[in-house]
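To keep things clear, I will list the structure first and then write my remarks on it.
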Amino acid sequence: MTDLARLRPVDERISLKYGAGGRAMRALIEQIFADGMGEVPGGVGLAAMDDGAVIPIGDHRWLVLTTDSHVVKPRFFPGGDIGRLAVAGTVNDLAMMGATEPLALTCAAIVEEGFARAELERIWASIRATCVEAGTTVVTGDTKVMGRGELDGLALNTTGVAITDRYVRDCELRPGDLLIVTGTVGDHGLAVMATRHELALEIELRSDVAPVNGLVRAALAVGGAGVVAMKDPTRGGLASALAEMAGKSRVGIEVREPAVPVSDAVRAAGELLGIDPLVVANEGKVVMGVRPAAVDAVLAALRAHPQGAAAAVIGVCTDERPGAVVLDTGFGRRLLSEAEGELQPRIC
Amino acid sequence: MISIDDGVATVDFFGVKRLVRLDVVDAPVGPGDYVLNHVGFAIRRIPAEEIADTLALYDELLRSASDDLLAGDVRGELDATEVPR
Amino acid sequence: MNDLEALRFRDPVRARALVDALGHHVRRAARPPDRPLAVMHVCGSHEQAIARFGLRATFPEGLEVIMGPGCPVCVTDVPEVDEAVALARQGVRIATYGDMLRVPGTAQSLADARAAGAKVDVVYSVTQAVELARRLEEELVFFASEFETTAVATAAVILAGPPANFSILSAHKYIPPVMEIVAEMPGTRVEGFLAAGHAATITGWGVFTPFVARHRVPVVVAGFEPLDVLAGLVRLVELIVDGDARVDNAYPRCVDEHGNRAAQAMLWQVFEPMGGRWRGIAHVPNGNLRLRGAHARWDARRRFKIDLAALWDHAPPALVQHCQCGDIMAGISSPHACPLFGTACTPDAPVGACMVSTEGTCRIWHQYGGRPDLRPRAAGATP
């Protein structure tokens with residue numbers, strides 16, 4: 001019985017949890033969005049719920065397609081903004097499928113009446129700068145304005161397209177494969193949460209939002225077919241990404257918590273708020289499943305890259321408890337579960 | 001504790017600065033002291049020497065379980081990893 | 001506390017040694033397999049620590065560590081939630097701790113009320129609620145939940161004089177009385193209690209002396225770092241096996257016999273204990289904390305007329321009859337024994353409060369795997 005088969009029927013009314021990146025969202029996609037639609041013979045379609053779709057266009061050539069919408073509040077946060085997020089998110093999803101050279105992006109904007117022009121310009125400057133970093137540009141888009149109060153400020157949607165001669169999924173792990181994370185986790189989620197809750201923390205929490213297609217390209221160049229799975233741990237964090245990979249691949253995953261890189265500031269903020277860095281979003285990191293023979297080379301290539309300096313092996317795939325992620329805390333062991341719904345800071 | 005301003009202290013928590021109220025703590029606290037924080041209020045001043053006392057208590061508990069061979073091995077490991085202050 | 005010193009309370013080497021010591025004392029007890037040593041803790045934060053660090057997977061066979069009614073959200077009874085929900089539906093702005101947001105009342109939780117248009121703000125401290133009230137023109141009611149340690153903060157805020165548009169709906173609870181209830185329950189197997197370190201920082205460990213004299217079971221006060229919890233359990237099991245019924249303080253850096261008397265004075269100046277229902281545990285004499293008459297002007301129950309009748313038209317859902325939260329909180333049942341656990345009752349569709357709260361037994365077991373056998377089956381399975 002797969003993880004997907006255990007999903008509950010979608011509620012009568014769509015609540016916030018359906019956008020949280022976890023089980024509820026997967027249920028919504030499976031039961032409504034992908035129902036009777038989205039098959040790609042010879043490729044990867046909607047039902048796979050991977051980071052993008054893969055469409056065969058010739059001999060060993062595939063078109064990779066992905067889309068993302070962005071509604072983050074606050075729109076500006078330490079380390080980034082909604083514009084940077086919109087570009088990086090889509091570029092990274094393409095990279096997760098193995099396509100590290102985006103052909104082009106689209107960007108559609110829905111703007112609330114009364115939105116400040118100066119803010120729009122600031123966001124677009126950020127979009128332009130992030131495109132340059134990623135080596136791509138926005139070639140087409142759409143613009144809509146909704147009445148005051150009909151939309152909360154701004155919603156952005158970006159779509160990205162690329163061509164690749166090899167694609168990487170998130171469901172092909174085997175027992176013995178090792179799991180690498182390319183840097184510290186929890187940065188983006190805790191930075192946004194601290195800002196949103198106006199917590200008097202006075203610390204340097206910064207989002208890690210950045211396009212990482214260059215980093216992935218470096219890893220694939222040395223790892224080749226040894227890199228067998230990739231996922232970016234966005235909404236739902238590392239826990240969700242690993243749960244999906246374990247569930248889809250039908251393997252167990254064992255993670256050593258002391259091996260997971262977490263910055264001191266994020267660790268402290270997590271302790272204070274009672275929020276686990278392993279379940280909050282990252283916007284500039286990758287989880288990779290790598291064959292043992294390729295691990296050393298891939299790790300070295302990641303660490304040599306400025307975005308991968310803190311890369312580390314954090315776990316291994318096993319044939320025990322397929323679909324479950326077990327966390328060795330250093331003191332004991334527990335299941336690493338996905339967070340349910342919206343995260344609230346705890347008090348005691 | 002880093003500084004106090006009108007009944008509110010700025011404390012350093014593993015490198016994170018946090019504001020904590022001093023309304024209910026029962027001993028005078030000043031910069032350099034440790035405090036126990038609960039929902040934004042300092043509820044106890046923790047003298048530094050009591051931290052060492054707690055560790056001594058743990059070691060005492062371990063020594064009382066002395067006929068377990070495994071504990072003996074681990075005690076050797078403990079002595080070797082004791083960090084000088 | 002600098003990193004190095006904090007790490008001493010998270011030192012895996014000492015932790016392993018303490019686990020071995022725990023096993024040693026359990027073996028001394030030489031219990032038959034069907035009668036394990038049973039201890040209870042009464043603090044949601046202890047369960048969080050146990051779950052988060054995966055300590056349950058390390059506890060030796062022959063020891064049962066039961067989570068008692070220490071989750072403040074779980075024990076907040078339906079009528080109290082209903083009062084908050086009713087006020088919210090009447091258009092009054094409510095500030096609440098995040099945990100209480102989704103706890104089901106008779107018909108709705110505060111989250112449901114919010115989704116239907118009520119004004120509900122989540123705060124992480126009572127101070128934040130006061131600051132919110134200062135910024136607003138309208139009334140703000142703070143739904144004051146949690147136990148005595150948190151009640152101290154509420155008391156301090158009342159004594160400091162909050163703004164006129166601020167008031168308190170008190171659902172605060174006091175733990176020592178419920179330990180009495182559990183100790184007196186027929187069929188109770190609990191042989192010792194682990195007491196909450198932060199509450200004891202306020203009350204002092206002396207508050208348990210009459211309890212151990214009456215019930216002849218040991219009580220050990222423990223902190224919340226992994227070493228604190230393990231050390232507390234080692235001491236508790238040692239006392240049980242030696243037949244030594246006394247209070248022991250395993251958290252000396254924060255707890256002494258008399259506690260923080262200034263905080264106690266504030267607490268009892270503002271609040272008085274009252275008998276009341278805890279969800280699933282029926283009547284707990286002196287278990288609830290209510291604002292004293294002298295502070296009536298801050299009491300939301302006196303400032304507002306709370307219309308509960310509108311909520312009582314809804315019959316409770318049929319599932320609630322099968323909910324075992326009460327028995328689970330009293331330590332008589334466990335999540336796996338509940339027919340709803342993991343199927344009809346899950347974190348995203350909770351039936352009982354134990355599944356709603358981040359400190360609820362059922363929620364923690366569901367999220368962290370309870371006490372599954374997580375030992376690696378093959379050597380070399382970890383990197």
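In the structure tokens, chains take letters A, B, ... by order of appearance, with residues numbered from 1 within each chain and ligands from 1 in the order shown.
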
Using only C-alpha atoms and a cut-off of 6 Å, which residues of chain C sit close to chain B? Please list them as a list in words. Ala17, Ala21, Ser125, Arg253, Asn260, Ala262 and Ala263 of chain C

Per-residue nearest contacts of chain C to chain A (6 Å; only C-alpha atoms) as CSV:
residue,atom,partner,partner_atom,distance
C:Pro12,CA,A:Phe331,CA,5.7
C:Phe53,CA,A:Thr329,CA,5.5
C:Gly54,CA,A:Arg333,CA,4.2
C:Leu55,CA,A:Gly332,CA,4.9
C:Ala57,CA,A:Arg333,CA,5.8
C:Thr58,CA,A:Gly332,CA,5.8
C:Gly98,CA,A:Gln344,CA,5.6
C:Gln367,CA,A:Ser337,CA,5.4
C:Tyr368,CA,A:Leu335,CA,4.8
C:Gly369,CA,A:Leu335,CA,5.4

Write out the residues from the selection above, keeping N, CA and C atoms, as a compact mmCIF listing (two decimals), in the first residue's frame.
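Output file again_28.txt follows:
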# COMPACT_ATOMS: atom_id res chain seq x y z
N PRO C 12 25.55 13.14 23.98
CA PRO C 12 25.05 11.79 23.67
C PRO C 12 25.74 10.70 24.48
N PHE C 53 13.52 13.82 20.88
CA PHE C 53 14.84 13.21 20.88
C PHE C 53 14.78 11.70 20.68
N GLY C 54 13.58 11.19 20.50
CA GLY C 54 13.46 9.76 20.24
C GLY C 54 13.80 8.91 21.44
N LEU C 55 13.57 9.41 22.65
CA LEU C 55 13.99 8.68 23.84
C LEU C 55 13.17 7.41 24.06
N ALA C 57 12.37 5.17 22.12
CA ALA C 57 12.97 4.01 21.47
C ALA C 57 14.12 3.45 22.29
N THR C 58 14.62 4.22 23.28
CA THR C 58 15.75 3.76 24.07
C THR C 58 15.35 3.23 25.44
N GLY C 98 -1.21 29.73 20.06
CA GLY C 98 -1.44 28.99 18.82
C GLY C 98 -2.04 27.61 19.01
N GLN C 367 2.83 11.70 15.19
CA GLN C 367 3.87 12.40 14.46
C GLN C 367 5.22 11.74 14.59
N TYR C 368 5.51 11.23 15.77
CA TYR C 368 6.83 10.70 16.01
C TYR C 368 6.90 9.19 16.08
N GLY C 369 5.76 8.54 15.97
CA GLY C 369 5.80 7.08 15.92
C GLY C 369 5.66 6.40 17.25

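From CA of Thr10 in chain B back to CA of Arg10 in chain C, the distance works out to 24.9 Å.
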
Show which residues sit within 6 Å of Ala9 in chain B, as a PyMOL selection string. Count only C-alpha atoms, and ignore same-chain residues fewer than 6 positions away. chain B and resi 3+19-20

Write the selection just made, keeping N, CA and C atoms, as a tab-separated table (two decimals), in the first residue's frame?
chain	number	residue	atom	x	y	z
B	3	SER	N	21.75	43.19	28.64
B	3	SER	CA	21.48	44.53	29.14
B	3	SER	C	20.05	44.59	29.66
B	19	LEU	N	14.08	39.50	23.96
B	19	LEU	CA	13.65	40.39	25.04
B	19	LEU	C	12.87	39.59	26.07
B	20	VAL	N	13.19	39.80	27.34
B	20	VAL	CA	12.57	39.03	28.40
B	20	VAL	C	12.19	39.99	29.53

What lies within 8 Å of range 224-239 of chain C using only C-alpha atoms, ignoring chain neighbours under 3 positions off, as a PyMOL selection string? (chain A and resi 331) or (chain B and resi 58+61) or (chain C and resi 9-11+14-15+18-19+21-22+25-26+45-46+49-50+53+55+192-194+197+218-221+242-246+248+250-251)

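As for CA of Gly105 in chain C and CA of Leu132 in chain C, they are spaced 25.3 Å apart.
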
DSSP alpha helix (DSSP H) selection over range 112-277 of chain A, as an NGL selection string: :A and (117-134 or 187-196 or 213-223 or 237-249 or 264-273)

Write out the residues from the selection above, keeping C-alpha atoms, as a PDB file, in the first residue's frame.
ATOM      1  CA  ARG A 117       4.522  51.327  -8.488  1.00  0.00           C
ATOM      2  CA  ALA A 118       7.752  51.700  -6.572  1.00  0.00           C
ATOM      3  CA  GLU A 119       7.268  48.311  -5.002  1.00  0.00           C
ATOM      4  CA  LEU A 120       6.530  46.741  -8.371  1.00  0.00           C
ATOM      5  CA  GLU A 121       9.757  48.229  -9.732  1.00  0.00           C
ATOM      6  CA  ARG A 122      11.714  46.892  -6.782  1.00  0.00           C
ATOM      7  CA  ILE A 123      10.317  43.409  -7.308  1.00  0.00           C
ATOM      8  CA  TRP A 124      11.068  43.481 -11.010  1.00  0.00           C
ATOM      9  CA  ALA A 125      14.632  44.607 -10.386  1.00  0.00           C
ATOM     10  CA  SER A 126      14.982  41.536  -8.243  1.00  0.00           C
ATOM     11  CA  ILE A 127      13.452  39.307 -10.920  1.00  0.00           C
ATOM     12  CA  ARG A 128      15.932  40.674 -13.468  1.00  0.00           C
ATOM     13  CA  ALA A 129      18.916  40.194 -11.181  1.00  0.00           C
ATOM     14  CA  THR A 130      17.942  36.639 -10.320  1.00  0.00           C
ATOM     15  CA  CYS A 131      17.455  35.804 -13.997  1.00  0.00           C
ATOM     16  CA  VAL A 132      20.989  36.957 -14.699  1.00  0.00           C
ATOM     17  CA  GLU A 133      22.289  34.711 -11.929  1.00  0.00           C
ATOM     18  CA  ALA A 134      20.433  31.754 -13.376  1.00  0.00           C
ATOM     19  CA  ASP A 187      16.859  29.105   6.625  1.00  0.00           C
ATOM     20  CA  HIS A 188      14.010  30.348   4.458  1.00  0.00           C
ATOM     21  CA  GLY A 189      11.082  29.093   6.530  1.00  0.00           C
ATOM     22  CA  LEU A 190      12.359  30.441   9.825  1.00  0.00           C
ATOM     23  CA  ALA A 191      13.404  33.777   8.317  1.00  0.00           C
ATOM     24  CA  VAL A 192       9.913  34.304   6.929  1.00  0.00           C
ATOM     25  CA  MET A 193       8.212  33.083  10.106  1.00  0.00           C
ATOM     26  CA  ALA A 194      10.270  35.388  12.303  1.00  0.00           C
ATOM     27  CA  THR A 195       9.475  38.347  10.066  1.00  0.00           C
ATOM     28  CA  ARG A 196       5.799  37.494   9.783  1.00  0.00           C
ATOM     29  CA  ASN A 213      20.972  25.229 -11.341  1.00  0.00           C
ATOM     30  CA  GLY A 214      24.719  25.887 -11.512  1.00  0.00           C
ATOM     31  CA  LEU A 215      25.290  23.819  -8.383  1.00  0.00           C
ATOM     32  CA  VAL A 216      23.206  20.949  -9.741  1.00  0.00           C
ATOM     33  CA  ARG A 217      25.030  21.134 -13.061  1.00  0.00           C
ATOM     34  CA  ALA A 218      28.335  20.686 -11.207  1.00  0.00           C
ATOM     35  CA  ALA A 219      27.004  17.644  -9.393  1.00  0.00           C
ATOM     36  CA  LEU A 220      25.544  16.027 -12.496  1.00  0.00           C
ATOM     37  CA  ALA A 221      28.751  16.675 -14.447  1.00  0.00           C
ATOM     38  CA  VAL A 222      30.712  14.392 -12.126  1.00  0.00           C
ATOM     39  CA  GLY A 223      27.953  12.145 -10.866  1.00  0.00           C
ATOM     40  CA  GLY A 237      10.891  21.131   4.302  1.00  0.00           C
ATOM     41  CA  LEU A 238      13.381  18.292   4.370  1.00  0.00           C
ATOM     42  CA  ALA A 239      10.847  16.047   6.111  1.00  0.00           C
ATOM     43  CA  SER A 240       8.334  16.304   3.275  1.00  0.00           C
ATOM     44  CA  ALA A 241      10.898  15.900   0.547  1.00  0.00           C
ATOM     45  CA  LEU A 242      12.325  12.746   2.163  1.00  0.00           C
ATOM     46  CA  ALA A 243       8.857  11.367   2.886  1.00  0.00           C
ATOM     47  CA  GLU A 244       7.892  11.763  -0.759  1.00  0.00           C
ATOM     48  CA  MET A 245      11.096  10.231  -2.027  1.00  0.00           C
ATOM     49  CA  ALA A 246      10.797   7.299   0.378  1.00  0.00           C
ATOM     50  CA  GLY A 247       7.130   6.764  -0.422  1.00  0.00           C
ATOM     51  CA  LYS A 248       7.490   6.957  -4.184  1.00  0.00           C
ATOM     52  CA  SER A 249      10.617   4.807  -4.259  1.00  0.00           C
ATOM     53  CA  ASP A 264      23.383  28.306  14.693  1.00  0.00           C
ATOM     54  CA  ALA A 265      20.896  31.120  14.142  1.00  0.00           C
ATOM     55  CA  VAL A 266      18.292  28.769  12.675  1.00  0.00           C
ATOM     56  CA  ARG A 267      18.831  26.213  15.414  1.00  0.00           C
ATOM     57  CA  ALA A 268      18.363  28.862  18.099  1.00  0.00           C
ATOM     58  CA  ALA A 269      15.302  30.362  16.430  1.00  0.00           C
ATOM     59  CA  GLY A 270      13.815  26.889  16.069  1.00  0.00           C
ATOM     60  CA  GLU A 271      14.368  26.173  19.769  1.00  0.00           C
ATOM     61  CA  LEU A 272      12.785  29.453  20.756  1.00  0.00           C
ATOM     62  CA  LEU A 273       9.733  29.067  18.566  1.00  0.00           C
TER      63      LEU A 273
END

For range 352-362 of chain C, please output as a short mmCIF file (atom, residue, chain, number, x, y, z; two decimals) with N, CA and C atoms, in the first residue's frame all residues within 8 Å (counting only C-alpha atoms; exclusion window: fewer than 6 positions along the same chain).
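And here is the file that came out, result.cif:
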data_model
loop_
_atom_site.label_atom_id
_atom_site.label_comp_id
_atom_site.auth_asym_id
_atom_site.auth_seq_id
_atom_site.Cartn_x
_atom_site.Cartn_y
_atom_site.Cartn_z
N ARG A 346 5.31 27.42 19.29
CA ARG A 346 4.85 26.84 20.55
C ARG A 346 5.23 27.75 21.69
N GLY C 44 3.37 18.31 29.21
CA GLY C 44 3.46 18.21 27.76
C GLY C 44 4.87 18.43 27.25
N SER C 45 5.62 19.30 27.91
CA SER C 45 6.98 19.57 27.45
C SER C 45 7.89 18.38 27.69
N GLU C 47 6.84 15.29 27.39
CA GLU C 47 6.52 14.37 26.30
C GLU C 47 7.13 14.86 25.00
N GLN C 48 7.13 16.18 24.81
CA GLN C 48 7.77 16.75 23.62
C GLN C 48 9.25 16.39 23.58
N MET C 67 2.23 9.17 29.61
CA MET C 67 1.95 10.61 29.56
C MET C 67 0.63 10.87 30.26
N CYS C 71 -0.98 17.98 29.17
CA CYS C 71 -1.08 18.81 27.98
C CYS C 71 -2.17 19.83 28.24
N VAL C 73 -3.58 22.09 26.59
CA VAL C 73 -4.59 22.25 25.56
C VAL C 73 -5.60 21.11 25.66
N CYS C 74 -5.08 19.91 25.84
CA CYS C 74 -5.95 18.73 25.87
C CYS C 74 -6.94 18.78 27.02
N VAL C 75 -6.50 19.35 28.17
CA VAL C 75 -7.39 19.29 29.33
C VAL C 75 -8.32 20.49 29.41
N ASP C 99 -1.61 26.94 20.07
CA ASP C 99 -2.07 25.58 20.31
C ASP C 99 -3.58 25.47 20.49
N MET C 100 -4.21 26.50 21.04
CA MET C 100 -5.64 26.41 21.35
C MET C 100 -6.50 26.66 20.12
N ARG C 102 -7.06 25.26 17.28
CA ARG C 102 -7.83 24.24 16.58
C ARG C 102 -8.52 23.25 17.50
N VAL C 103 -8.55 23.56 18.81
CA VAL C 103 -9.18 22.61 19.74
C VAL C 103 -10.69 22.65 19.55
N PRO C 104 -11.31 21.52 19.35
CA PRO C 104 -12.76 21.53 19.10
C PRO C 104 -13.55 21.86 20.35
N VAL C 320 -17.13 11.39 18.73
CA VAL C 320 -16.63 11.81 20.03
C VAL C 320 -16.91 10.76 21.10
N CYS C 323 -14.02 8.59 21.48
CA CYS C 323 -12.73 9.22 21.77
C CYS C 323 -12.23 8.82 23.15
N GLN C 324 -10.99 8.41 23.21
CA GLN C 324 -10.44 7.92 24.48
C GLN C 324 -9.50 8.93 25.14
N CYS C 325 -9.56 10.17 24.71
CA CYS C 325 -8.63 11.16 25.25
C CYS C 325 -8.60 11.17 26.76
N ILE C 328 -6.69 8.26 28.03
CA ILE C 328 -5.29 8.38 27.65
C ILE C 328 -4.59 9.37 28.55
N MET C 329 -5.24 10.47 28.82
CA MET C 329 -4.64 11.48 29.68
C MET C 329 -4.48 10.99 31.10
N PRO C 335 -2.71 5.65 22.93
CA PRO C 335 -3.25 5.94 21.59
C PRO C 335 -3.53 4.69 20.76
N PHE C 341 -7.62 6.17 16.51
CA PHE C 341 -6.27 6.71 16.34
C PHE C 341 -5.70 6.36 14.96
N CYS C 345 -9.18 9.64 13.39
CA CYS C 345 -8.62 10.77 14.15
C CYS C 345 -7.14 10.93 13.81
N THR C 346 -6.83 11.98 13.08
CA THR C 346 -5.45 12.25 12.67
C THR C 346 -5.18 13.74 12.89
#
